[in-house]
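Raw data.cif, mmCIF, C-alpha atoms:
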data_coords
loop_
_atom_site.label_atom_id
_atom_site.label_comp_id
_atom_site.auth_asym_id
_atom_site.auth_seq_id
_atom_site.Cartn_x
_atom_site.Cartn_y
_atom_site.Cartn_z
CA MET A 1 0.00 0.00 0.00
CA GLU A 2 2.74 2.33 0.96
CA GLU A 3 4.58 1.60 -2.25
CA ILE A 4 1.55 2.35 -4.41
CA GLY A 5 1.00 5.53 -2.52
CA LEU A 6 4.57 6.64 -3.21
CA LYS A 7 4.19 5.95 -6.90
CA CYS A 8 0.99 7.99 -7.05
CA LEU A 9 2.68 10.80 -5.26
CA LYS A 10 5.57 10.81 -7.73
CA LYS A 11 3.22 10.87 -10.68
CA LEU A 12 1.27 13.74 -9.18
CA GLU A 13 4.54 15.53 -8.63
CA VAL A 14 5.41 15.20 -12.30
CA ILE A 15 1.95 16.40 -13.34
CA PHE A 16 1.90 19.38 -11.07
CA ASN A 17 5.47 20.44 -11.62
CA MET A 18 4.87 20.06 -15.33
CA GLU A 19 8.51 19.20 -15.46
CA LYS A 20 9.32 18.75 -19.11
CA GLU A 21 12.24 16.96 -20.62
CA LYS A 22 14.70 19.51 -21.94
CA VAL A 23 16.14 18.92 -25.42
CA TYR A 24 19.04 21.06 -26.56
CA ILE A 25 19.10 21.75 -30.25
CA ASP A 26 21.39 23.66 -32.61
CA GLU A 27 20.19 27.19 -33.33
CA ASP A 28 20.58 26.50 -37.06
CA LEU A 29 17.74 23.99 -36.95
CA LYS A 30 15.18 26.31 -35.39
CA VAL A 31 13.25 26.79 -38.64
CA ILE A 32 13.02 23.12 -39.53
CA ILE A 33 12.24 21.64 -36.12
CA PRO A 34 8.46 22.26 -36.27
CA ASN A 35 8.34 20.41 -39.58
CA PHE A 36 10.39 17.56 -38.16
CA LEU A 37 8.07 17.20 -35.19
CA LYS A 38 5.01 17.41 -37.43
CA ASN A 39 6.44 14.54 -39.48
CA ARG A 40 6.85 12.45 -36.32
CA LYS A 41 3.25 13.09 -35.40
CA SER A 42 2.14 11.88 -38.79
CA ASP A 43 4.52 8.92 -38.38
CA ILE A 44 2.55 8.04 -35.25
CA GLU A 45 -0.79 8.26 -37.07
CA ASN A 46 0.55 6.24 -39.98
CA MET A 47 2.02 3.56 -37.74
CA LYS A 48 -1.25 3.22 -35.91
CA ASN A 49 -3.03 2.69 -39.22
CA HIS A 50 -0.41 0.24 -40.46
CA LEU A 51 -0.71 -1.64 -37.22
CA GLU A 52 -4.44 -2.02 -37.76
CA GLU A 53 -3.83 -3.13 -41.34
CA ASN A 54 -1.10 -5.42 -40.10
CA ASP A 55 1.38 -3.81 -42.54
CA LEU A 56 4.52 -4.19 -40.47
CA GLU A 57 6.89 -3.63 -43.35
CA LYS A 58 5.82 0.00 -43.60
CA ILE A 59 6.29 0.38 -39.87
CA GLU A 60 9.80 -0.99 -40.21
CA VAL A 61 10.58 1.66 -42.83
CA ILE A 62 9.21 4.42 -40.61
CA GLY A 63 11.22 3.15 -37.64
CA HIS A 64 14.33 3.03 -39.79
CA GLY A 65 13.77 6.62 -40.89
CA MET A 66 13.35 7.87 -37.32
CA LYS A 67 16.47 6.01 -36.30
CA GLY A 68 18.44 7.76 -39.05
CA SER A 69 17.19 11.30 -38.62
CA GLY A 70 16.29 11.69 -34.91
CA GLY A 71 19.80 12.04 -33.53
CA GLY A 72 20.84 14.33 -36.33
CA TYR A 73 18.16 16.77 -35.27
CA GLY A 74 19.18 16.46 -31.65
CA PHE A 75 16.49 14.00 -30.57
CA ASP A 76 18.57 11.02 -29.57
CA TYR A 77 15.52 9.46 -27.97
CA ILE A 78 13.68 9.43 -31.32
CA SER A 79 16.58 7.53 -32.87
CA GLU A 80 16.48 5.12 -29.96
CA ILE A 81 12.76 4.52 -30.23
CA GLY A 82 12.96 4.32 -34.01
CA LYS A 83 15.47 1.52 -33.64
CA LYS A 84 13.14 -0.27 -31.22
CA ILE A 85 10.21 0.07 -33.61
CA GLU A 86 12.28 -1.13 -36.56
CA ASN A 87 13.41 -4.20 -34.65
CA ALA A 88 9.98 -4.96 -33.23
CA ALA A 89 8.48 -4.73 -36.73
CA LYS A 90 11.13 -7.09 -38.02
CA GLU A 91 10.22 -9.54 -35.29
CA GLU A 92 6.51 -8.95 -35.85
CA ASP A 93 6.20 -7.98 -32.22
CA LYS A 94 3.06 -5.85 -32.32
CA GLU A 95 2.90 -5.39 -28.57
CA ASN A 96 6.28 -3.74 -28.45
CA ILE A 97 5.43 -1.59 -31.46
CA LYS A 98 2.34 -0.36 -29.62
CA LYS A 99 4.36 0.37 -26.50
CA SER A 100 6.97 2.28 -28.44
CA ILE A 101 4.36 4.33 -30.27
CA ILE A 102 2.85 5.35 -26.94
CA LYS A 103 6.25 6.19 -25.54
CA LEU A 104 7.03 8.32 -28.57
CA GLN A 105 3.72 10.10 -28.23
CA GLU A 106 4.37 10.83 -24.55
CA TYR A 107 7.87 12.00 -25.33
CA LEU A 108 6.70 14.41 -28.00
CA GLU A 109 4.11 15.86 -25.64
CA ASN A 110 6.63 16.27 -22.88
CA ILE A 111 9.65 17.95 -24.40
CA GLU A 112 10.92 21.45 -24.03
CA ILE A 113 13.23 22.56 -26.82
CA ILE A 114 16.07 24.88 -26.02
CA TYR A 115 17.98 26.29 -28.98
CA ARG A 116 21.58 27.14 -28.43
CA MET B 1 34.66 31.66 -52.85
CA VAL B 2 36.31 31.66 -56.24
CA PHE B 3 33.83 29.39 -57.99
CA LYS B 4 30.26 28.63 -57.06
CA ILE B 5 29.92 25.30 -55.35
CA LYS B 6 27.26 22.89 -56.49
CA ILE B 7 26.36 19.96 -54.26
CA LEU B 8 24.09 17.03 -55.03
CA ILE B 9 22.39 15.34 -52.08
CA VAL B 10 20.95 11.87 -52.65
CA ASP B 11 18.82 10.61 -49.75
CA ASP B 12 15.37 9.07 -49.60
CA ASP B 13 14.56 10.57 -46.21
CA GLN B 14 12.96 14.00 -46.37
CA ASP B 15 14.07 14.92 -42.85
CA ILE B 16 17.69 14.12 -43.64
CA ARG B 17 17.57 16.14 -46.86
CA LEU B 18 16.14 19.07 -44.95
CA LEU B 19 18.71 18.74 -42.18
CA ILE B 20 21.63 18.63 -44.60
CA SER B 21 20.19 21.48 -46.64
CA THR B 22 19.86 23.63 -43.51
CA TYR B 23 23.40 22.99 -42.36
CA LEU B 24 24.85 23.62 -45.81
CA LYS B 25 22.84 26.77 -46.45
CA ASN B 26 23.79 28.23 -43.09
CA ALA B 27 27.41 27.50 -43.95
CA GLY B 28 27.05 29.48 -47.20
CA TYR B 29 26.50 26.73 -49.78
CA GLU B 30 23.54 27.92 -51.83
CA ASP B 31 23.60 25.75 -54.92
CA LEU B 32 22.10 22.47 -53.73
CA ILE B 33 20.34 19.81 -55.76
CA PHE B 34 18.36 16.98 -54.23
CA ALA B 35 17.50 13.50 -55.39
CA GLU B 36 15.22 11.10 -53.55
CA SER B 37 16.18 7.96 -55.42
CA ALA B 38 19.00 6.39 -57.40
CA GLU B 39 17.06 6.90 -60.63
CA GLU B 40 16.53 10.57 -59.93
CA SER B 41 20.22 11.04 -59.19
CA TYR B 42 21.15 9.34 -62.50
CA GLU B 43 18.88 11.72 -64.34
CA ILE B 44 20.38 14.76 -62.63
CA LEU B 45 23.92 13.52 -63.26
CA GLY B 46 23.26 12.68 -66.89
CA LEU B 47 23.93 8.97 -66.38
CA GLY B 48 20.61 7.94 -67.83
CA GLU B 49 19.47 8.31 -71.41
CA LYS B 50 20.53 11.93 -71.79
CA GLU B 51 24.18 12.71 -71.13
CA LYS B 52 25.03 16.17 -69.90
CA ASN B 53 27.58 18.30 -68.12
CA THR B 54 26.48 19.13 -64.63
CA ASN B 55 29.41 20.97 -63.01
CA ILE B 56 28.69 19.30 -59.69
CA ASP B 57 31.51 19.66 -57.16
CA LEU B 58 30.44 17.25 -54.45
CA ILE B 59 27.98 14.39 -54.04
CA LEU B 60 26.50 13.34 -50.69
CA LEU B 61 25.06 9.88 -51.05
CA ASP B 62 22.95 7.81 -48.67
CA ILE B 63 24.34 4.31 -48.40
CA MET B 64 20.84 2.84 -48.02
CA LEU B 65 18.36 4.04 -50.62
CA LYS B 66 14.90 2.48 -50.66
CA ASN B 67 15.33 0.05 -53.50
CA LYS B 68 19.00 0.44 -54.30
CA ASN B 69 22.26 -0.05 -52.53
CA GLY B 70 24.06 3.30 -52.32
CA ILE B 71 27.38 1.58 -52.98
CA GLU B 72 26.10 0.45 -56.38
CA VAL B 73 25.00 4.00 -57.08
CA CYS B 74 28.44 5.28 -56.11
CA ARG B 75 30.11 2.77 -58.40
CA LYS B 76 27.91 3.82 -61.30
CA ILE B 77 28.60 7.52 -60.73
CA LYS B 78 32.33 6.90 -60.52
CA SER B 79 32.37 4.87 -63.73
CA ASN B 80 31.47 8.03 -65.62
CA GLU B 81 34.54 10.02 -66.63
CA GLN B 82 32.94 13.31 -65.65
CA TYR B 83 32.74 12.24 -61.99
CA GLN B 84 36.05 10.49 -61.58
CA ASP B 85 37.55 13.43 -59.73
CA ILE B 86 34.34 14.56 -58.02
CA PRO B 87 34.32 13.51 -54.36
CA VAL B 88 31.47 11.36 -53.09
CA ILE B 89 30.71 11.32 -49.36
CA MET B 90 28.61 8.38 -48.21
CA ILE B 91 26.02 9.06 -45.53
CA THR B 92 25.72 5.95 -43.46
CA ALA B 93 24.41 4.39 -40.31
CA GLN B 94 26.35 1.27 -41.21
CA THR B 95 29.84 1.67 -39.92
CA GLU B 96 30.86 -1.95 -40.09
CA THR B 97 34.25 -2.29 -41.69
CA GLU B 98 32.87 -4.42 -44.50
CA TRP B 99 30.41 -1.72 -45.62
CA LEU B 100 33.00 1.02 -45.47
CA LYS B 101 35.49 -1.08 -47.34
CA LYS B 102 32.95 -1.61 -50.11
CA ALA B 103 32.10 2.08 -50.18
CA PHE B 104 35.74 3.09 -50.56
CA GLU B 105 36.27 0.43 -53.19
CA ALA B 106 33.34 1.86 -55.11
CA GLY B 107 35.15 5.21 -55.22
CA ALA B 108 33.74 7.03 -52.19
CA HIS B 109 36.07 9.69 -50.86
CA ASP B 110 34.76 9.90 -47.30
CA TYR B 111 31.79 8.97 -45.13
CA ILE B 112 29.53 10.69 -42.62
CA LYS B 113 27.98 8.73 -39.82
CA LYS B 114 24.36 9.06 -38.79
CA PRO B 115 23.26 10.71 -36.58
CA ILE B 116 24.70 13.65 -38.44
CA ASN B 117 26.78 15.94 -36.28
CA LYS B 118 26.97 19.48 -37.61
CA ILE B 119 30.62 20.18 -36.90
CA GLU B 120 31.86 16.87 -38.22
CA PHE B 121 29.55 17.07 -41.21
CA LEU B 122 30.71 20.53 -42.30
CA ALA B 123 34.36 19.68 -41.71
CA ARG B 124 34.12 16.66 -43.97
CA VAL B 125 32.22 18.58 -46.64
CA GLU B 126 34.83 21.32 -46.58
CA SER B 127 37.78 19.00 -46.85
CA SER B 128 36.18 17.15 -49.75
CA LEU B 129 35.46 20.41 -51.51
CA LYS B 130 39.03 21.49 -51.04
CA LEU B 131 40.03 18.37 -52.88
CA SER B 132 37.44 19.02 -55.57
CA LYS B 133 38.77 22.54 -56.01
CA GLU B 134 42.35 21.33 -56.31
CA MET B 135 41.28 18.77 -58.87
CA TYR B 136 39.47 21.48 -60.81
CA LYS B 137 42.51 23.74 -60.76
CA ARG B 138 44.73 20.91 -61.83
CA LYS B 139 42.39 20.05 -64.68
CA LEU B 140 42.37 23.66 -65.88
CA LYS B 141 46.14 23.70 -65.83
CA GLU B 142 46.27 20.45 -67.75
CA LEU B 143 43.90 21.82 -70.36
CA GLU B 144 46.01 24.96 -70.62
CA LEU B 145 49.12 22.86 -71.12
CA ILE B 146 47.46 20.70 -73.74
CA ASP B 147 46.32 23.82 -75.57
CA LEU B 148 49.79 25.34 -75.39
CA SER B 149 51.49 22.23 -76.64
CA LYS B 150 49.01 22.07 -79.53
CA LYS B 151 49.81 25.66 -80.44
CA LEU B 152 53.50 24.94 -80.19
CA LYS B 153 53.19 21.90 -82.41
CA LYS B 154 51.25 23.92 -84.94
CA ALA B 155 53.82 26.71 -84.85
CA ASN B 156 56.66 24.22 -85.22
CA LYS B 157 54.96 22.57 -88.14
CA LYS B 158 54.46 25.94 -89.79
CA LEU B 159 58.04 26.89 -89.11
CA LYS B 160 59.32 23.63 -90.47
CA LYS B 161 57.21 24.05 -93.55
CA MET B 162 58.38 27.64 -93.98
CA ALA B 163 61.99 26.54 -93.66
CA SER B 164 61.56 24.00 -96.41
CA MET B 165 59.12 25.81 -98.68
CA ASP B 166 59.76 28.11 -101.59
CA GLY B 167 58.03 31.39 -100.81
CA LEU B 168 56.86 32.15 -104.34
CA THR B 169 55.64 28.78 -105.58
CA GLU B 170 55.03 26.94 -102.27
CA LEU B 171 56.91 24.00 -103.76
CA ALA B 172 59.74 22.40 -101.81
CA ASN B 173 62.74 24.74 -101.75
CA ARG B 174 66.31 23.91 -102.59
CA ARG B 175 67.06 22.98 -98.99
CA LEU B 176 64.32 20.34 -98.84
CA PHE B 177 65.30 19.13 -102.29
CA ASP B 178 68.88 18.56 -101.15
CA GLN B 179 67.72 16.69 -98.04
CA THR B 180 65.21 14.58 -99.92
CA ILE B 181 67.44 13.57 -102.81
CA LYS B 182 70.10 12.45 -100.35
CA LYS B 183 67.61 10.41 -98.32
CA GLU B 184 65.83 8.86 -101.30
CA PHE B 185 69.03 8.15 -103.21
CA LYS B 186 70.48 6.25 -100.26
CA ARG B 187 67.24 4.40 -99.69
CA SER B 188 67.12 3.36 -103.34
CA GLY B 189 70.65 2.02 -103.06
CA ARG B 190 69.78 0.09 -99.90
CA GLU B 191 66.57 -1.36 -101.23
CA ASN B 192 67.85 -1.74 -104.76
CA TYR B 193 65.30 0.06 -106.85
CA ASN B 194 65.27 2.81 -109.44
CA ILE B 195 65.25 6.46 -108.55
CA SER B 196 64.50 9.06 -111.18
CA LEU B 197 65.03 12.78 -111.31
CA ILE B 198 63.48 15.22 -113.73
CA MET B 199 65.09 18.62 -114.17
CA ALA B 200 62.97 21.17 -116.00
CA ASP B 201 63.60 24.71 -117.21
CA ILE B 202 61.28 27.29 -118.74
CA ASP B 203 62.34 28.00 -122.32
CA ASN B 204 63.41 31.53 -123.20
CA PHE B 205 62.48 32.79 -119.78
CA LYS B 206 64.76 35.85 -119.92
CA ALA B 207 62.91 36.99 -123.02
CA TYR B 208 59.60 36.38 -121.20
CA ASN B 209 60.66 38.61 -118.30
CA ASP B 210 61.95 41.27 -120.69
CA THR B 211 58.70 41.24 -122.62
CA TYR B 212 56.09 40.98 -119.88
CA GLY B 213 57.93 42.22 -116.76
CA HIS B 214 59.02 40.46 -113.61
CA GLN B 215 55.55 40.32 -112.09
CA LYS B 216 54.23 38.35 -115.05
CA GLY B 217 57.40 36.30 -114.86
CA ASP B 218 56.58 35.35 -111.29
CA GLU B 219 53.02 34.46 -112.27
CA CYS B 220 54.39 32.22 -115.02
CA ILE B 221 56.68 30.44 -112.55
CA ILE B 222 53.74 29.89 -110.17
CA SER B 223 51.62 28.40 -112.97
CA ILE B 224 54.38 25.97 -113.94
CA ALA B 225 54.87 25.04 -110.28
CA LYS B 226 51.19 24.12 -110.01
CA VAL B 227 51.57 21.75 -112.95
CA LEU B 228 54.56 20.08 -111.33
CA GLU B 229 52.73 19.71 -108.04
CA LYS B 230 49.80 18.12 -109.86
CA CYS B 231 51.92 15.68 -111.89
CA ALA B 232 54.19 14.53 -109.03
CA LYS B 233 51.23 13.20 -107.12
CA ARG B 234 52.38 10.02 -105.35
CA PRO B 235 53.21 10.48 -101.66
CA ALA B 236 56.96 10.00 -102.09
CA ASP B 237 57.24 12.24 -105.18
CA LEU B 238 58.71 15.64 -104.55
CA ALA B 239 58.47 18.66 -106.83
CA ALA B 240 60.91 21.43 -105.96
CA ARG B 241 61.98 24.84 -107.19
CA TYR B 242 65.64 24.30 -107.94
CA GLY B 243 66.66 27.76 -109.03
CA GLY B 244 65.14 30.84 -110.73
CA GLU B 245 63.14 29.22 -113.53
CA GLU B 246 64.50 25.73 -112.98
CA PHE B 247 62.53 22.94 -111.31
CA ALA B 248 63.26 19.41 -110.16
CA VAL B 249 61.05 16.39 -109.52
CA ILE B 250 62.33 13.49 -107.39
CA LEU B 251 60.61 10.20 -108.23
CA PRO B 252 61.58 7.35 -105.91
CA LYS B 253 60.79 3.77 -107.00
CA THR B 254 60.36 4.96 -110.58
CA ASN B 255 62.17 3.60 -113.63
CA LYS B 256 62.99 5.38 -116.89
CA GLU B 257 59.63 4.62 -118.47
CA GLY B 258 57.72 5.86 -115.46
CA ALA B 259 59.81 9.03 -115.28
CA LEU B 260 59.36 9.62 -119.01
CA LYS B 261 55.61 9.32 -118.66
CA ILE B 262 55.52 11.90 -115.89
CA ALA B 263 57.85 14.22 -117.86
CA LYS B 264 55.52 13.94 -120.83
CA ASP B 265 52.54 14.75 -118.65
CA ILE B 266 54.30 17.83 -117.31
CA LYS B 267 55.28 18.99 -120.76
CA SER B 268 51.81 18.61 -122.23
CA GLU B 269 50.08 20.13 -119.18
CA VAL B 270 52.31 23.21 -119.48
CA LYS B 271 51.47 23.45 -123.14
CA LYS B 272 47.78 23.28 -122.30
CA LEU B 273 48.16 26.38 -120.11
CA LYS B 274 48.82 28.41 -123.31
CA ILE B 275 50.75 31.14 -121.56
CA GLU B 276 51.47 33.63 -124.32
CA HIS B 277 55.18 34.12 -125.08
CA LYS B 278 55.47 36.13 -128.27
CA ASN B 279 59.23 36.65 -128.12
CA SER B 280 60.05 32.96 -127.64
CA THR B 281 62.33 31.45 -130.24
CA THR B 282 60.70 28.10 -129.54
CA ALA B 283 56.90 28.56 -129.74
CA ASP B 284 54.11 31.12 -129.31
CA TYR B 285 53.48 29.85 -125.82
CA VAL B 286 55.59 29.07 -122.78
CA THR B 287 57.26 25.65 -123.07
CA LEU B 288 59.55 23.49 -120.95
CA SER B 289 62.74 21.60 -121.63
CA LEU B 290 63.19 18.52 -119.48
CA GLY B 291 66.07 16.19 -118.69
CA ILE B 292 65.72 12.83 -116.96
CA ASN B 293 68.18 10.67 -115.11
CA SER B 294 67.17 7.29 -113.73
CA ILE B 295 69.43 4.75 -112.03
CA ILE B 296 69.62 2.06 -109.38
CA PRO B 297 72.33 3.39 -107.09
CA ASP B 298 75.00 0.81 -106.21
CA GLY B 299 78.28 0.61 -104.39
CA LYS B 300 79.16 3.00 -101.62
CA ILE B 301 76.88 6.02 -101.75
CA GLY B 302 78.42 9.35 -100.93
CA GLN B 303 77.59 12.96 -101.66
CA ASN B 304 79.70 12.89 -104.85
CA LYS B 305 77.54 10.11 -106.29
CA ILE B 306 74.41 12.09 -105.49
CA ASP B 307 75.91 15.23 -107.02
CA LYS B 308 76.79 13.27 -110.13
CA PHE B 309 73.25 11.90 -110.35
CA ILE B 310 71.84 15.43 -110.26
CA ASP B 311 74.48 16.73 -112.60
CA ASN B 312 73.65 14.09 -115.19
CA ALA B 313 69.95 14.97 -115.08
CA ASP B 314 71.03 18.57 -115.63
CA LYS B 315 73.16 17.48 -118.54
CA ALA B 316 70.13 15.79 -120.09
CA LEU B 317 68.20 19.03 -119.61
CA TYR B 318 70.89 21.02 -121.46
CA LYS B 319 70.89 18.42 -124.17
CA ALA B 320 67.16 19.14 -124.59
CA LYS B 321 67.94 22.86 -124.80
CA GLU B 322 70.66 22.24 -127.36
CA ASN B 323 68.38 20.06 -129.42
CA GLY B 324 65.87 22.86 -129.87
CA ARG B 325 63.99 23.13 -126.51
CA ASP B 326 60.37 22.06 -125.81
CA ARG B 327 61.47 18.45 -125.50
CA ILE B 328 62.55 15.71 -123.12
CA GLU B 329 65.99 14.06 -123.08
CA MET B 330 67.06 11.02 -121.11
CA PHE B 331 70.59 10.75 -119.75
CA GLU B 332 72.29 7.61 -121.07
CA GLU B 333 75.45 6.50 -119.29
CA THR B 334 76.70 4.40 -122.21
CA ARG B 335 76.55 7.22 -124.70
CA GLY B 336 79.82 9.04 -124.63
CA ASP B 337 78.42 12.31 -125.84
CA PHE B 338 77.27 13.50 -122.45
#
Rewrite the coordinates I just gave you, this time as structure tokens.
Amino acid sequence: MEEIGLKCLKKLEVIFNMEKEKVYIDEDLKVIIPNFLKNRKSDIENMKNHLEENDLEKIEVIGHGMKGSGGGYGFDYISEIGKKIENAAKEEDKENIKKSIIKLQEYLENIEIIYR
Amino acid sequence: MVFKIKILIVDDDQDIRLLISTYLKNAGYEDLIFAESAEESYEILGLGEKEKNTNIDLILLDIMLKNKNGIEVCRKIKSNEQYQDIPVIMITAQTETEWLKKAFEAGAHDYIKKPINKIEFLARVESSLKLSKEMYKRKLKELELIDLSKKLKKANKKLKKMASMDGLTELANRRLFDQTIKKEFKRSGRENYNISLIMADIDNFKAYNDTYGHQKGDECIISIAKVLEKCAKRPADLAARYGGEEFAVILPKTNKEGALKIAKDIKSEVKKLKIEHKNSTTADYVTLSLGINSIIPDGKIGQNKIDKFIDNADKALYKAKENGRDRIEMFEETRGDF
């Protein structure tokens, strides 16, 4: 009971502090970041559709793309999750794809970009 | 920058193209071309159906294109002469030695690892461009040198021709005649075949000059020279201006009969010109006297033998003059009257 209570407390803390994950990105990329993030959001929508249609090959391609571009833009986490999606799609592991999509979604909603 | 830099970026990922484009543009590279696929890059580079010059200085090439292996694409680009000196940088997430080895074997100059790091990326681009620029400079210099050496060759040829050509008639001059007769006479001796020499002189030429003036005299000489040039038409034949109104024709590998035939041609062609010569004691028109000598040189060949050969042709010519001009005489060794 105590443990569950602690967990709840932590989550509440996160919610109330609205503590976002800070991402530091090169000043040069300021103009193209919104487009990049928009593309990730459509990646999420597309992957969800492909998942329903059971078209894992297309998901693999999307994952591969994220893996290649994420880090270059400064989002190492997107590369990481892209790699996970690519591998899960290869292994036809739909559960892990789902999990990764949700994680990506949460990540995108919870980042604060700092240009420098 | 001295010359405008043109960079082709081949990558199937829109985000990567945009990222590279942003970095390059911020670094001052404005002239960027993009291709999404191998096929599109071939079209841009003129490797497809239509060949063209593109003046591209650097190619950034994704190692994994949707349906094609970037290494294959690199190999194809490099097999075109136009791109042999143009650096190709592979963009790759695959950094296994085997992949890189293949990329370098295919002609890649360098590689950039994904995720792309701005500082590393621009440094590699710059160093490749430096190479491209040096190559370009070197090529220009080479072209300049080739052009210069062509001009020099041309000038030398002209000079050589001028040194061996008679200014008035454009026939071989005496210098070239002397060289050629020596060479051909020796060769005939070595290879044991006939060499013939025709000496020809315009009849009553002093009277022609006195009557019509020196300018007309020169025109007459030029007309005769053209006939000689026309009649001595085989590659080894050489028509030369020997002296004022005297000409010579060297005929290697030609026996008496052959030489006589050519002499007859010359004589009749000159007659056909019908150059008026009213004060000639020979005819109403300009005529030629011709002497022929034809031998197979034997024994030790020295300058004295060559001189004698020429001298005997000259003797035949003066025999023709003595016998009334406008005729051909053949030198005969056995006849004592020469």
query: Residues picked by the PyMOL selection byres ((chain B) within 7 of (chain A)) here, as a list in words?
result: Asp13, Asp15, Ile16, Thr22, Tyr23, Ala93, Lys114, Pro115, Ile116 and Asn117 of chain B
message: Translate the PyMOL selection byres ((chain B and resi 109) around 12) into a concrete residue list for this structure, as a PyMOL selection string.
response: chain B and resi 58-61+74-75+78+83-91+100-108+110-112+124-125+127-129+131-132
Name all residues at most 8 Å from B:Gly189 (count all atoms listed in the file; drop same-chain ones fewer than 6 positions away) and give them as a PDB file with C-alpha atoms, in the frame of the given file.
ATOM      1  CA  ILE B 296      69.620   2.060-109.380  1.00  0.00           C
ATOM      2  CA  PRO B 297      72.330   3.390-107.090  1.00  0.00           C
ATOM      3  CA  ASP B 298      75.000   0.810-106.210  1.00  0.00           C
ATOM      4  CA  GLY B 299      78.280   0.610-104.390  1.00  0.00           C
ATOM      5  CA  ILE B 301      76.880   6.020-101.750  1.00  0.00           C
TER       6      ILE B 301
END
- prompt: When distances are computed from only C-alpha atoms, which of B:Gln303, B:Asn323, B:Asn80, B:Asn55 shows the smallest separation from B:Asp178?
  reply: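 Between B:Gln303, B:Asn323, B:Asn80, B:Asn55, the residue approaching B:Asp178 most closely is B:Gln303.
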Within 9 Å of B:Leu238 using all atoms listed in the file, minus same-chain residues under 5 positions, as a ChimeraX atom specification: /B:171-172,177,180,229,232-233,248-252
query: Which distance in Å separates atom CA of B:Ile5 and atom CA of B:Ile77, to one decimal?
result: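 Between these atoms lies a distance of 18.6 Å.
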- request: List the residues matched by the PyMOL selection byres ((chain B and resi 38) around 12) in the displayed structure as a PyMOL selection string, ordered by chain and then by residue number.
  value: chain B and resi 9-12+34-37+39-45+47-48+61-77
Neighbour list for A:Asn110 as a list in words, cut-off 9 Å, all atoms listed in the file, skip fewer than 5 positions in-chain: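 With the cut-off at 9 Å, the set is Met18, Glu19, Lys20, Glu21, Lys22 and Gln105 of chain A.
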- prompt: Taking all atoms listed in the file into account, which of A:Arg116, A:Lys98, A:Ile111, A:Glu91 comes nearest A:Glu57?
  reply: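 Counting all atoms listed in the file, the residue closest to A:Glu57 is A:Glu91.
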